[in-house]
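Asks: Dropping the structure in here first, questions after.
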Amino acid sequence: GEWNKNGNEMTLATLQHVQRHTEASQGAEVSALKGGIVTTMSENRSRRPFADAVPSSTGRLLRPIFMVLLASIGGFHATGSPFIGVVMFFFAMIGALADVFANIILVPPFLQNGDVNSGLCMDKAKLPTYWDSATICGPSAFNYRYSEVEIPMRGKFLRGWLIRPAGASKAIIILSHGAGRDRRTWMRHCKFLIANGYTCLTYDSRNHGISDRYGAAGTSLGVLEWHDVAAVTRWAKESSPVGTKIVLMGTSTGASSSIIAAAADELCASSVSCVVAENPFTSPGELAAALTDGPGMRTMVCRGNATAYAALLPIRVAVTAAVKAQVGARL
């Protein structure tokens, strides 16, 4: 599709009306205005490829509860000692809690992963509170000149927006979002970037937004996502005039992924002019340790109680180990 040349601003209410109309037209060919682009799609809401992308809260809890009970009963049965059963229960509880917290880090509750037919999530209750209606609507609400793009990546597709400045482009900036977010993270940044003559390519990483699902649900915190950055860079290079400068910009997981891609991928290393990294981290383990050892743990969980904080040390160590193990299982 092409950019809506009439420049009509799409409000959140309008898009929600379109979404309701689409939902009422199951199994029919419908035309829907999404992001200023007219697309014809075949709706089939009875089959959702991504329906199992994010585990339910019940699913997250049943597995660790089962682990605790199995370890406790097994320890008591094997030894006949209640003391051993209690010890096994204690360690199993630590492991179960660590597994739950690690799963929350890698598959955030706010992660939204749909498909092309369903479109990006429009439910404000499920999106960041600091996203206003314009950000939720996307580039059409800002009257940006843009087109939708599909980028091949190892047999799958990443999807995003290519947003162009009014005049000549100085460079193309590839914008990578953080874990649990999507391409709309960068809407407020694109305003000053395109105003200064930069083309912005913002996309949904694997298992996010409406990009294809690849492997296990959620994120690997950059360990696999850097391949997405490399694929987008390759597409940008092949789709742009010779000599076009390419810049990688990312936040959180997107920042770490950008750094890794620029260092590990040969094409990125030779094509990227620079990397702009906002709050990156060096490894999933370091991030998990920071999350379980930061101000949130000290003030919100432990309420400033030093004894409680010290008592949670085994769990904090176990969470870091569980994150490393779960990321390793995705490789």
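Residue numbering restarts at 1 in every chain; chains get A, B, ... in the order shown in the structure tokens, and ligands count up from 1 in that same order.
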Skip Ile173 of chain A itself and residues of its chain fewer than 2 positions away, then list as number ranges by chain all residues within 10 Å of it, counting only C-alpha atoms.
Replies: A: 162-163, 170-171, 175-176, 190, 193-194, 198-202, 233, 236, 245-250, 272, 274-276
Asks: Can you list every residue of segment 192-254 of chain A that has an atom at most 12 Å from segment 284-290 of chain A, with its nearest atom pair and the distance in Å to one decimal, using only C-alpha atoms, ordered by chain then number, as a tab-separated table?
Replies:
```
residue	atom	partner	partner_atom	distance
A:Thr219	CA	A:Pro284	CA	10.3
A:Ser220	CA	A:Pro284	CA	7.7
A:Leu221	CA	A:Pro284	CA	5.9
A:Gly222	CA	A:Pro284	CA	7.9
A:Val223	CA	A:Pro284	CA	8.1
A:Leu224	CA	A:Pro284	CA	11.4
A:Ser252	CA	A:Leu287	CA	9.8
A:Thr253	CA	A:Pro284	CA	9.3
```
Asks: Enumerate as a ChimeraX atom specification all residues of segment 87-302 of chain A assigned to helix (DSSP H, G or I) by DSSP on the backbone, naming them with the chain letters and numbers the document uses.
Replies: /A:87-106,124-126,133-137,139-142,183-195,226-239,253-264,266-271,284-293,295-301
Asks: Do you know which residues are at most 12 Å from Asp293 of chain A counting only C-alpha atoms, after dropping those on the same chain fewer than 2 positions away, and could you put them as a list of chain:residue names?
Replies: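 Listed by chain and then number, they are A:Gly285, A:Glu286, A:Leu287, A:Ala288, A:Ala289, A:Ala290, A:Leu291, A:Pro295, A:Gly296, A:Met297, A:Arg298, A:Thr299, A:Met300, A:Val301, A:Cys302, A:Tyr309, A:Ala310, A:Leu312, A:Leu313, A:Pro314, A:Ile315, A:Arg316, A:Val317, A:Val319, A:Thr320.
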Asks: Since we have the selection now, will you write its residues out, keeping N, CA, C and O atoms, as a compact mmCIF listing (two decimals), in the first residue's frame?
Replies:
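Contents of the output file result08.txt:
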```txt
# COMPACT_ATOMS: atom_id res chain seq x y z
N GLY A 285 21.55 -12.30 31.90
CA GLY A 285 21.82 -12.52 33.31
C GLY A 285 22.04 -11.22 34.06
O GLY A 285 21.57 -11.05 35.19
N GLU A 286 22.76 -10.29 33.41
CA GLU A 286 23.00 -9.00 34.06
C GLU A 286 21.69 -8.23 34.25
O GLU A 286 21.46 -7.62 35.28
N LEU A 287 20.82 -8.30 33.24
CA LEU A 287 19.54 -7.62 33.34
C LEU A 287 18.70 -8.22 34.46
O LEU A 287 18.11 -7.49 35.27
N ALA A 288 18.65 -9.55 34.54
CA ALA A 288 17.87 -10.21 35.59
C ALA A 288 18.41 -9.85 36.96
O ALA A 288 17.64 -9.58 37.90
N ALA A 289 19.73 -9.81 37.09
CA ALA A 289 20.33 -9.43 38.38
C ALA A 289 19.98 -8.00 38.74
O ALA A 289 19.69 -7.69 39.91
N ALA A 290 19.97 -7.11 37.74
CA ALA A 290 19.64 -5.71 38.00
C ALA A 290 18.18 -5.55 38.41
O ALA A 290 17.84 -4.77 39.30
N LEU A 291 17.30 -6.32 37.76
CA LEU A 291 15.87 -6.23 38.07
C LEU A 291 15.57 -6.75 39.47
O LEU A 291 14.66 -6.25 40.15
N PRO A 295 16.23 -0.85 42.85
CA PRO A 295 15.36 -0.10 43.77
C PRO A 295 13.97 -0.71 43.90
O PRO A 295 13.36 -0.65 44.96
N GLY A 296 13.45 -1.30 42.79
CA GLY A 296 12.12 -1.89 42.85
C GLY A 296 12.05 -3.02 43.87
O GLY A 296 11.10 -3.11 44.65
N MET A 297 13.06 -3.87 43.89
CA MET A 297 13.10 -4.97 44.85
C MET A 297 13.26 -4.45 46.27
O MET A 297 12.60 -4.91 47.21
N ARG A 298 14.13 -3.47 46.45
CA ARG A 298 14.42 -2.95 47.78
C ARG A 298 13.24 -2.18 48.38
O ARG A 298 12.94 -2.30 49.56
N THR A 299 12.58 -1.37 47.56
CA THR A 299 11.54 -0.48 48.08
C THR A 299 10.13 -1.05 47.93
O THR A 299 9.34 -1.03 48.87
N MET A 300 9.81 -1.58 46.72
CA MET A 300 8.45 -2.03 46.47
C MET A 300 8.17 -3.39 47.08
O MET A 300 7.11 -3.63 47.67
N VAL A 301 9.13 -4.32 46.95
CA VAL A 301 8.92 -5.68 47.46
C VAL A 301 9.29 -5.78 48.93
O VAL A 301 8.51 -6.27 49.75
N CYS A 302 10.49 -5.30 49.28
CA CYS A 302 10.99 -5.44 50.66
C CYS A 302 10.61 -4.26 51.55
O CYS A 302 10.88 -4.30 52.76
N TYR A 309 15.23 -8.12 52.52
CA TYR A 309 16.04 -8.09 51.29
C TYR A 309 17.11 -9.17 51.33
O TYR A 309 17.35 -9.87 50.33
N ALA A 310 17.77 -9.33 52.48
CA ALA A 310 18.80 -10.36 52.62
C ALA A 310 18.20 -11.76 52.52
O ALA A 310 18.80 -12.67 51.94
N LEU A 312 15.79 -12.68 50.74
CA LEU A 312 15.41 -12.99 49.36
C LEU A 312 16.61 -13.26 48.46
O LEU A 312 16.44 -13.48 47.26
N LEU A 313 17.81 -13.25 49.03
CA LEU A 313 19.01 -13.48 48.23
C LEU A 313 18.95 -14.79 47.43
O LEU A 313 19.26 -14.80 46.24
N PRO A 314 18.54 -15.92 48.03
CA PRO A 314 18.47 -17.16 47.25
C PRO A 314 17.55 -17.05 46.04
O PRO A 314 17.86 -17.57 44.96
N ILE A 315 16.43 -16.36 46.23
CA ILE A 315 15.49 -16.21 45.12
C ILE A 315 16.09 -15.32 44.04
O ILE A 315 15.98 -15.60 42.84
N ARG A 316 16.77 -14.24 44.45
CA ARG A 316 17.37 -13.33 43.48
C ARG A 316 18.44 -14.04 42.65
O ARG A 316 18.53 -13.87 41.43
N VAL A 317 19.23 -14.86 43.30
CA VAL A 317 20.26 -15.63 42.59
C VAL A 317 19.60 -16.65 41.66
O VAL A 317 20.02 -16.84 40.51
N VAL A 319 16.62 -16.51 40.26
CA VAL A 319 15.97 -15.85 39.12
C VAL A 319 16.98 -15.60 38.00
O VAL A 319 16.71 -15.86 36.83
N THR A 320 18.16 -15.11 38.38
CA THR A 320 19.21 -14.87 37.38
C THR A 320 19.57 -16.17 36.67
O THR A 320 19.71 -16.21 35.44
```
Asks: Rank nothing, just name the residue among A:Val229, A:Ala195, A:Ala255, A:Val323 nearest to Asn103 of chain A, using only C-alpha atoms.
Replies: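 Nearest to Asn103 of chain A: A:Val323.
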Asks: Using only C-alpha atoms, find the one residue out of A:Tyr146, A:Gly119, A:Asn279, A:Phe192 that sits nearest to Asp204 of chain A.
Replies: A:Gly119
Asks: So which one's closest to Gln112 of chain A, A:Gly254, A:Gly155, A:Pro128, A:Gly209? Using only C-alpha atoms, please.
Replies: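 Comparing A:Gly254, A:Gly155, A:Pro128, A:Gly209 against Gln112 of chain A, the winner is A:Gly209.
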Asks: What separation in Å, quoted to one decimal, exists between atom CA of Arg159 of chain A and atom CA of Lys324 of chain A?
Replies: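 Separating atom CA of Arg159 of chain A from atom CA of Lys324 of chain A is a distance of 28.3 Å.
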Asks: Pick the closest to Arg206 of chain A from A:Arg164, A:His227, A:Arg184, A:Arg234: which is it, counting only C-alpha atoms?
Replies: A:His227
Asks: Using only C-alpha atoms, which of A:Ala322, A:Ala308, A:Ala217, A:Ile172 sits nearest Ser271 of chain A?
Replies: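 Closest candidate: A:Ile172.
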